[in-house]
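K.L.:
Input model.cif, format and content: mmCIF, C-alpha atoms and all ligand atoms.
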```cif
data_protein
loop_
_atom_site.group_PDB
_atom_site.id
_atom_site.type_symbol
_atom_site.label_atom_id
_atom_site.label_comp_id
_atom_site.auth_asym_id
_atom_site.auth_seq_id
_atom_site.Cartn_x
_atom_site.Cartn_y
_atom_site.Cartn_z
ATOM 1 C CA MET A 1 23.558 -11.228 10.118
ATOM 2 C CA PRO A 2 23.496 -7.458 9.541
ATOM 3 C CA TYR A 3 21.201 -7.484 6.500
ATOM 4 C CA GLU A 4 17.844 -9.196 6.072
ATOM 5 C CA LEU A 5 15.520 -9.840 3.172
ATOM 6 C CA PRO A 6 12.638 -7.336 3.437
ATOM 7 C CA LYS A 7 9.093 -8.661 3.102
ATOM 8 C CA LEU A 8 7.293 -7.765 -0.108
ATOM 9 C CA PRO A 9 4.858 -4.895 0.566
ATOM 10 C CA TYR A 10 2.103 -6.952 -1.220
ATOM 11 C CA GLU A 11 1.267 -10.551 -2.094
ATOM 12 C CA TYR A 12 3.270 -12.529 -4.664
ATOM 13 C CA ASP A 13 0.306 -12.517 -7.047
ATOM 14 C CA SER A 14 -0.546 -8.814 -6.612
ATOM 15 C CA LEU A 15 1.162 -7.753 -9.832
ATOM 16 C CA GLU A 16 -0.641 -10.321 -11.997
ATOM 17 C CA PRO A 17 -1.054 -10.465 -14.935
ATOM 18 C CA HIS A 18 1.890 -8.131 -15.601
ATOM 19 C CA ILE A 19 4.363 -9.998 -13.406
ATOM 20 C CA ASP A 20 3.298 -13.523 -12.492
ATOM 21 C CA LYS A 21 3.285 -15.045 -9.032
ATOM 22 C CA GLU A 22 5.962 -17.648 -9.738
ATOM 23 C CA THR A 23 8.412 -15.049 -11.058
ATOM 24 C CA MET A 24 7.833 -12.930 -7.947
ATOM 25 C CA GLN A 25 8.389 -15.901 -5.628
ATOM 26 C CA ILE A 26 11.655 -16.939 -7.264
ATOM 27 C CA HIS A 27 12.838 -13.379 -7.781
ATOM 28 C CA HIS A 28 12.218 -12.309 -4.189
ATOM 29 C CA ASP A 29 12.757 -15.518 -2.195
ATOM 30 C CA LYS A 30 15.710 -16.902 -4.176
ATOM 31 C CA HIS A 31 17.472 -14.163 -6.142
ATOM 32 C CA HIS A 32 17.100 -11.300 -3.684
ATOM 33 C CA GLN A 33 17.821 -13.651 -0.752
ATOM 34 C CA ALA A 34 21.046 -14.743 -2.451
ATOM 35 C CA TYR A 35 22.259 -11.135 -2.679
ATOM 36 C CA VAL A 36 21.534 -10.647 1.025
ATOM 37 C CA ASP A 37 23.335 -13.890 1.952
ATOM 38 C CA LYS A 38 26.393 -13.090 -0.150
ATOM 39 C CA LEU A 39 26.522 -9.537 1.206
ATOM 40 C CA ASN A 40 26.451 -10.844 4.782
ATOM 41 C CA LYS A 41 29.125 -13.393 3.904
ATOM 42 C CA ALA A 42 31.351 -10.697 2.401
ATOM 43 C CA LEU A 43 31.003 -8.598 5.566
ATOM 44 C CA GLU A 44 31.825 -11.428 7.996
ATOM 45 C CA SER A 45 35.434 -10.327 8.315
ATOM 46 C CA HIS A 46 34.613 -6.594 8.222
ATOM 47 C CA GLU A 47 32.847 -5.792 11.456
ATOM 48 C CA GLU A 48 33.321 -2.058 11.003
ATOM 49 C CA LEU A 49 30.914 -2.155 8.041
ATOM 50 C CA GLN A 50 28.227 -4.321 9.642
ATOM 51 C CA THR A 51 26.635 -1.472 11.584
ATOM 52 C CA LYS A 52 26.011 0.643 8.489
ATOM 53 C CA THR A 53 22.610 0.821 6.869
ATOM 54 C CA ILE A 54 22.542 -0.499 3.314
ATOM 55 C CA HIS A 55 22.068 3.102 2.156
ATOM 56 C CA GLU A 56 25.199 4.255 4.038
ATOM 57 C CA LEU A 57 27.141 1.314 2.671
ATOM 58 C CA MET A 58 26.182 2.004 -0.951
ATOM 59 C CA THR A 59 26.616 5.812 -0.856
ATOM 60 C CA ASN A 60 30.189 5.372 0.364
ATOM 61 C CA VAL A 61 31.240 2.467 -1.798
ATOM 62 C CA GLU A 62 34.395 4.273 -3.011
ATOM 63 C CA SER A 63 35.775 4.381 0.540
ATOM 64 C CA ILE A 64 35.524 0.590 1.003
ATOM 65 C CA SER A 65 38.765 -1.413 0.880
ATOM 66 C CA GLU A 66 39.616 -2.930 -2.497
ATOM 67 C CA GLU A 67 39.525 -6.401 -1.008
ATOM 68 C CA ILE A 68 35.718 -6.395 -0.683
ATOM 69 C CA LYS A 69 34.653 -3.390 -2.759
ATOM 70 C CA GLN A 70 33.518 -5.462 -5.748
ATOM 71 C CA ALA A 71 31.551 -7.844 -3.502
ATOM 72 C CA ILE A 72 29.751 -4.845 -1.975
ATOM 73 C CA ILE A 73 29.034 -3.349 -5.411
ATOM 74 C CA ASN A 74 27.613 -6.684 -6.602
ATOM 75 C CA HIS A 75 25.722 -7.977 -3.560
ATOM 76 C CA GLY A 76 25.061 -4.746 -1.680
ATOM 77 C CA GLY A 77 23.872 -3.317 -4.998
ATOM 78 C CA GLY A 78 21.710 -6.391 -5.574
ATOM 79 C CA HIS A 79 20.170 -5.955 -2.141
ATOM 80 C CA ILE A 80 19.460 -2.218 -2.342
ATOM 81 C CA ASN A 81 18.269 -2.333 -5.970
ATOM 82 C CA HIS A 82 15.790 -5.150 -5.365
ATOM 83 C CA SER A 83 14.534 -3.599 -2.097
ATOM 84 C CA PHE A 84 13.852 -0.412 -4.047
ATOM 85 C CA PHE A 85 12.268 -2.214 -7.009
ATOM 86 C CA TRP A 86 9.657 -3.972 -4.816
ATOM 87 C CA GLU A 87 8.700 -0.635 -3.255
ATOM 88 C CA ILE A 88 7.891 1.154 -6.498
ATOM 89 C CA LEU A 89 5.567 -1.557 -7.822
ATOM 90 C CA SER A 90 1.791 -1.748 -7.341
ATOM 91 C CA ASN A 91 -1.167 -2.756 -9.425
ATOM 92 C CA ASN A 92 -3.431 0.180 -8.632
ATOM 93 C CA LYS A 93 -1.459 3.424 -8.272
ATOM 94 C CA PRO A 94 -1.703 4.998 -11.764
ATOM 95 C CA PHE A 95 0.134 8.006 -13.171
ATOM 96 C CA ASN A 96 -1.391 11.338 -12.183
ATOM 97 C CA GLU A 97 -0.419 14.329 -14.334
ATOM 98 C CA ASP A 98 -1.453 16.748 -11.549
ATOM 99 C CA SER A 99 0.954 15.250 -8.996
ATOM 100 C CA GLU A 100 4.317 17.002 -8.452
ATOM 101 C CA ILE A 101 6.220 14.205 -10.188
ATOM 102 C CA GLY A 102 3.604 14.168 -12.952
ATOM 103 C CA LYS A 103 4.105 17.887 -13.621
ATOM 104 C CA GLU A 104 7.894 17.544 -13.475
ATOM 105 C CA ILE A 105 7.886 14.643 -15.948
ATOM 106 C CA ILE A 106 5.742 16.581 -18.404
ATOM 107 C CA ASN A 107 7.940 19.662 -17.911
ATOM 108 C CA LYS A 108 11.144 17.703 -18.520
ATOM 109 C CA PHE A 109 10.041 15.252 -21.240
ATOM 110 C CA GLU A 110 7.242 17.386 -22.802
ATOM 111 C CA SER A 111 4.639 14.644 -22.449
ATOM 112 C CA PHE A 112 4.043 11.455 -20.524
ATOM 113 C CA GLU A 113 4.213 9.553 -23.824
ATOM 114 C CA ASN A 114 7.680 10.967 -24.539
ATOM 115 C CA PHE A 115 8.857 10.003 -21.087
ATOM 116 C CA LYS A 116 7.473 6.526 -21.542
ATOM 117 C CA GLU A 117 9.163 6.149 -24.920
ATOM 118 C CA GLN A 118 12.549 7.287 -23.585
ATOM 119 C CA PHE A 119 12.316 5.113 -20.487
ATOM 120 C CA ALA A 120 11.221 2.101 -22.548
ATOM 121 C CA ASN A 121 14.079 2.679 -24.961
ATOM 122 C CA ALA A 122 16.628 2.870 -22.138
ATOM 123 C CA SER A 123 15.173 -0.376 -20.746
ATOM 124 C CA ALA A 124 15.116 -2.199 -24.069
ATOM 125 C CA THR A 125 18.723 -1.325 -24.904
ATOM 126 C CA VAL A 126 20.405 -2.469 -21.673
ATOM 127 C CA PHE A 127 23.030 -4.853 -23.053
ATOM 128 C CA GLY A 128 23.189 -7.988 -20.935
ATOM 129 C CA SER A 129 22.032 -7.664 -17.324
ATOM 130 C CA GLY A 130 21.262 -4.374 -15.635
ATOM 131 C CA TRP A 131 18.632 -1.821 -14.753
ATOM 132 C CA ALA A 132 16.991 1.284 -16.230
ATOM 133 C CA TRP A 133 16.190 4.181 -13.901
ATOM 134 C CA LEU A 134 14.452 7.478 -13.515
ATOM 135 C CA VAL A 135 16.508 9.443 -10.991
ATOM 136 C CA LEU A 136 16.807 12.914 -9.578
ATOM 137 C CA ASN A 137 20.399 13.752 -10.459
ATOM 138 C CA GLU A 138 23.034 15.869 -8.714
ATOM 139 C CA ASN A 139 21.599 19.003 -10.408
ATOM 140 C CA ASN A 140 18.139 18.222 -9.025
ATOM 141 C CA GLU A 141 16.888 17.302 -12.512
ATOM 142 C CA LEU A 142 15.065 14.210 -13.719
ATOM 143 C CA GLU A 143 17.320 11.882 -15.685
ATOM 144 C CA ILE A 144 16.851 8.484 -17.328
ATOM 145 C CA LEU A 145 19.866 6.198 -17.177
ATOM 146 C CA GLN A 146 21.008 2.581 -17.331
ATOM 147 C CA THR A 147 23.290 0.748 -14.950
ATOM 148 C CA LYS A 148 25.108 -2.517 -15.580
ATOM 149 C CA ASN A 149 24.878 -5.601 -13.387
ATOM 150 C CA GLN A 150 23.975 -4.399 -9.851
ATOM 151 C CA ILE A 151 25.505 -0.920 -9.899
ATOM 152 C CA SER A 152 23.228 1.460 -8.000
ATOM 153 C CA PRO A 153 22.695 5.140 -8.913
ATOM 154 C CA ILE A 154 22.874 5.772 -5.147
ATOM 155 C CA SER A 155 26.621 5.135 -5.443
ATOM 156 C CA MET A 156 26.715 7.847 -8.146
ATOM 157 C CA GLY A 157 25.097 10.497 -5.927
ATOM 158 C CA LYS A 158 21.702 10.224 -7.622
ATOM 159 C CA THR A 159 18.310 9.574 -6.029
ATOM 160 C CA PRO A 160 16.302 6.727 -7.612
ATOM 161 C CA LEU A 161 12.609 7.391 -8.323
ATOM 162 C CA ILE A 162 11.703 4.478 -10.634
ATOM 163 C CA THR A 163 13.558 1.383 -11.770
ATOM 164 C CA ILE A 164 12.988 -1.704 -13.885
ATOM 165 C CA ASP A 165 15.026 -4.873 -13.426
ATOM 166 C CA ILE A 166 16.346 -5.950 -16.827
ATOM 167 C CA TRP A 167 18.029 -9.156 -15.670
ATOM 168 C CA GLU A 168 16.410 -12.086 -17.479
ATOM 169 C CA HIS A 169 15.429 -13.614 -14.113
ATOM 170 C CA ALA A 170 12.979 -10.700 -13.748
ATOM 171 C CA TYR A 171 10.851 -11.710 -16.739
ATOM 172 C CA TYR A 172 12.014 -14.881 -18.480
ATOM 173 C CA LEU A 173 9.401 -17.317 -17.100
ATOM 174 C CA LYS A 174 6.508 -15.311 -18.499
ATOM 175 C CA TYR A 175 8.020 -13.290 -21.323
ATOM 176 C CA GLN A 176 11.013 -15.422 -22.463
ATOM 177 C CA ASN A 177 12.927 -13.356 -25.044
ATOM 178 C CA LYS A 178 10.140 -10.758 -25.387
ATOM 179 C CA ARG A 179 11.747 -8.056 -23.278
ATOM 180 C CA PRO A 180 9.701 -5.237 -24.911
ATOM 181 C CA GLU A 181 6.455 -6.881 -23.737
ATOM 182 C CA TYR A 182 7.762 -7.028 -20.172
ATOM 183 C CA ILE A 183 8.722 -3.343 -20.392
ATOM 184 C CA GLU A 184 5.283 -2.404 -21.753
ATOM 185 C CA ALA A 185 3.620 -4.357 -18.921
ATOM 186 C CA PHE A 186 5.864 -2.644 -16.355
ATOM 187 C CA PHE A 187 4.186 0.717 -17.033
ATOM 188 C CA ASN A 188 0.932 -0.743 -15.638
ATOM 189 C CA ILE A 189 2.476 -1.552 -12.281
ATOM 190 C CA ILE A 190 4.476 1.531 -11.331
ATOM 191 C CA ASN A 191 3.404 2.732 -7.891
ATOM 192 C CA TRP A 192 3.058 6.427 -8.748
ATOM 193 C CA GLU A 193 2.026 7.292 -5.182
ATOM 194 C CA LYS A 194 5.348 5.946 -3.932
ATOM 195 C CA VAL A 195 7.235 7.749 -6.710
ATOM 196 C CA GLU A 196 5.520 11.004 -5.680
ATOM 197 C CA GLU A 197 6.575 10.411 -2.069
ATOM 198 C CA LEU A 198 10.195 9.738 -3.089
ATOM 199 C CA PHE A 199 10.234 12.805 -5.344
ATOM 200 C CA SER A 200 8.861 15.104 -2.617
ATOM 201 C CA LYS A 201 11.435 13.807 -0.140
ATOM 202 C CA ALA A 202 14.294 14.188 -2.620
ATOM 203 C CA LYS A 203 13.329 17.772 -3.501
ATOM 204 C CA GLN A 204 13.419 18.953 0.149
HETATM 205 MN MN MN B 1 16.464 -9.116 -10.114
#
```
Could the structure of this file be written out as C-alpha cells, please?
P.N.:
Amino acid sequence: MPYELPKLPYEYDSLEPHIDKETMQIHHDKHHQAYVDKLNKALESHEELQTKTIHELMTNVESISEEIKQAIINHGGGHINHSFFWEILSNNKPFNEDSEIGKEIINKFESFENFKEQFANASATVFGSGWAWLVLNENNELEILQTKNQISPISMGKTPLITIDIWEHAYYLKYQNKRPEYIEAFFNIINWEKVEELFSKAKQ
C-alpha cells in the first residue's frame, strides 16, 4: 500500500463550533480514506508509480498513461487536496497583517476584507463539487481560483496556500444548504501560521 491516510494534526473536535466533530470524523476517516484506498487500488498494476510521493504523482499527472490518468486525477487529487486541507486548519492561528503573507494579501487585494470577499465569492460560486484556493501562481503572484471535483492546482504548476472544500460532505451535517455560513465560519479556522510557512517556502 504505497499511500496512507495521514493523521489529523489536531483532535476531531478542535475546530468546533465552526466544523463539528462528527463532520471531521466522517470526512477524514471515511471520505479521505476512500480516496487513499481507491488510489492504491488504481496503482496496483502500475508498480512504476508506487514509489512516487503524492506530490510527484500529482505534479506529473499529464505524463501518466491514459488508462489510469483519470483515476489518479480523481483519487490522487482527493488524497493530496484533503491532506493539504487538514494542514491549513486550526482554531487559534489568526490572520496577522504584519506577517509576510499578510502584507502580500493587503498589497494584492488592497485590504483583508477585499481578499475575504473575493475568496468567499469564489467559494460560494463553485458549481457542484470542488474547491476554492489561494495559490501562488506561475508568475509568483497570489491568485484566487476554483477547481472542479478533485483537480489540484499542483497539477497546474501552482502552489496552494489556502483551500476550502466545497463538496457537500464537508459541511452538510451542520450547515445543510447554507454554504455561505460554512464559508463565513471557515475564515475563523484558517491556520495563518501554516499559511505563512507555506508562503515563505514557496517564495524561496
Ligand atoms: Mn472533502
K.L.:
For ligand MN 1 (chain B), collect every residue having any atom at a distance of at most 6 Å from a ligand atom (counting all atoms listed in the file); output as an NGL selection string.
P.N.:
:A and (165 or 167 or 170)
K.L.:
I need the residue nearest Ile72 of chain A from this list: A:Trp133, A:Tyr171, A:Tyr35, A:Tyr12. Use only C-alpha atoms for the distance.
P.N.:
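Smallest distance to Ile72 of chain A is found for A:Tyr35.
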K.L.:
Ranking A:Ile162, A:Val36, A:Ile54, A:Ile154 by minimum distance to Ala132 of chain A and counting all atoms listed in the file, which one comes first?
P.N.:
A:Ile162
K.L.:
Give as JSON, numbers by chain the residues that the PyMOL selection byres (((chain A and resi 5) around 10) and not hetatm) matches when applied to the coordinates above.
P.N.:
{"A": [3, 4, 6, 7, 8, 28, 29, 32, 33, 34, 35, 36, 37, 79, 82, 83]}
K.L.:
Any chance you could work out the residue set of the PyMOL selection byres (((chain A and resi 193) around 10) and not hetatm) here, as a ChimeraX atom specification?
P.N.:
/A:88-90,92-96,99,101,190-192,194-199
K.L.:
Please evaluate the PyMOL selection byres (((chain A and resi 20-25) around 9) and not hetatm) against the structure above and give the resulting residues as a ChimeraX atom specification.
P.N.:
/A:11-19,26-30,169-174
K.L.:
Please enclose the listed atoms of segment 11-15 of chain A in an axis-aligned box, pad each side by 4 Å, and write out the centre and the three edge lengths in Å, rounded to one decimal, as AutoDock Vina command-line options.
P.N.:
```
--center_x 1.4 --center_y -10.1 --center_z -6.0 --size_x 11.8 --size_y 12.8 --size_z 15.7
```
K.L.:
So what do you get for atom CA of Glu181 of chain A versus atom CA of Phe127 of chain A, distance-wise?
P.N.:
16.7 Å
K.L.:
So which residues touch Met1 of chain A within 12 Å, counting all atoms listed in the file, skipping near sequence neighbours fewer than 3 positions away, as a list in words?
P.N.:
Glu4, Leu5, Val36, Asp37, Lys38, Leu39, Asn40, Lys41, Ala42, Leu43, Glu44, Glu47, Leu49, Gln50 and Thr51 of chain A
K.L.:
Mind writing the picked residues with C-alpha atoms as a PDB file, in the coordinates of the input?
P.N.:
```
ATOM      1  CA  GLU A   4      17.844  -9.196   6.072  1.00  0.00           C
ATOM      2  CA  LEU A   5      15.520  -9.840   3.172  1.00  0.00           C
ATOM      3  CA  VAL A  36      21.534 -10.647   1.025  1.00  0.00           C
ATOM      4  CA  ASP A  37      23.335 -13.890   1.952  1.00  0.00           C
ATOM      5  CA  LYS A  38      26.393 -13.090  -0.150  1.00  0.00           C
ATOM      6  CA  LEU A  39      26.522  -9.537   1.206  1.00  0.00           C
ATOM      7  CA  ASN A  40      26.451 -10.844   4.782  1.00  0.00           C
ATOM      8  CA  LYS A  41      29.125 -13.393   3.904  1.00  0.00           C
ATOM      9  CA  ALA A  42      31.351 -10.697   2.401  1.00  0.00           C
ATOM     10  CA  LEU A  43      31.003  -8.598   5.566  1.00  0.00           C
ATOM     11  CA  GLU A  44      31.825 -11.428   7.996  1.00  0.00           C
ATOM     12  CA  GLU A  47      32.847  -5.792  11.456  1.00  0.00           C
ATOM     13  CA  LEU A  49      30.914  -2.155   8.041  1.00  0.00           C
ATOM     14  CA  GLN A  50      28.227  -4.321   9.642  1.00  0.00           C
ATOM     15  CA  THR A  51      26.635  -1.472  11.584  1.00  0.00           C
TER      16      THR A  51
END
```
K.L.:
Find the residue from A:Tyr10, A:Glu97, A:Leu57, A:Gln70 that sits nearest to Glu113 of chain A; use all atoms listed in the file when measuring.
P.N.:
A:Glu97
K.L.:
Residues near Lys108 of chain A, anyone? I mean within 9 Å using all atoms listed in the file, not counting same-chain ones fewer than 6 positions away, as a list of chain:residue names.
P.N.:
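Listing them by chain and then by number gives A:Phe115, A:Glu141, A:Leu142, A:Glu143.
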K.L.:
For a quick check of understanding, using only C-alpha atoms, which of A:Gly157, A:Ser45, A:Lys203, A:Val135 has the smallest distance to Phe119 of chain A?
P.N.:
A:Val135
K.L.:
Tell me, as number ranges by chain, which residues lie within 8 Å of Gln150 of chain A, counting all atoms listed in the file; anything in the same chain fewer than 5 positions away does not count.
P.N.:
A: 73-75, 77-78, 81, 130-131
K.L.:
So which residues are close to (24.9, 7.9, -10.5), meaning at most 12 Å away in the file's coordinates with only C-alpha atoms counted, and can you show them as a ChimeraX atom specification?
P.N.:
/A:58-59,132-139,143-148,151-160
K.L.:
Find the residue from A:Pro2, A:Glu168, A:His46, A:Ile106 that sits nearest to Glu67 of chain A; use only C-alpha atoms when measuring.
P.N.:
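Closest residue, counting only C-alpha atoms: A:His46.
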K.L.:
Using all atoms listed in the file, find the one residue out of A:Val61, A:Asn149, A:Ile166, A:Phe109 that sits nearest to Tyr182 of chain A.
P.N.:
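For Tyr182 of chain A, the nearest of the candidates is A:Ile166.
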K.L.:
Could you check how far atom CA of Pro180 of chain A sits from atom CA of Asn91 of chain A, in Å to one decimal?
P.N.:
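Value for the atom CA of Pro180 of chain A-atom CA of Asn91 of chain A distance: 19.1 Å.
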K.L.:
One number please: atom CA of Glu87 of chain A to atom CA of Leu161 of chain A, in Å, one decimal.
P.N.:
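Here the two named atoms are 10.3 Å from each other.
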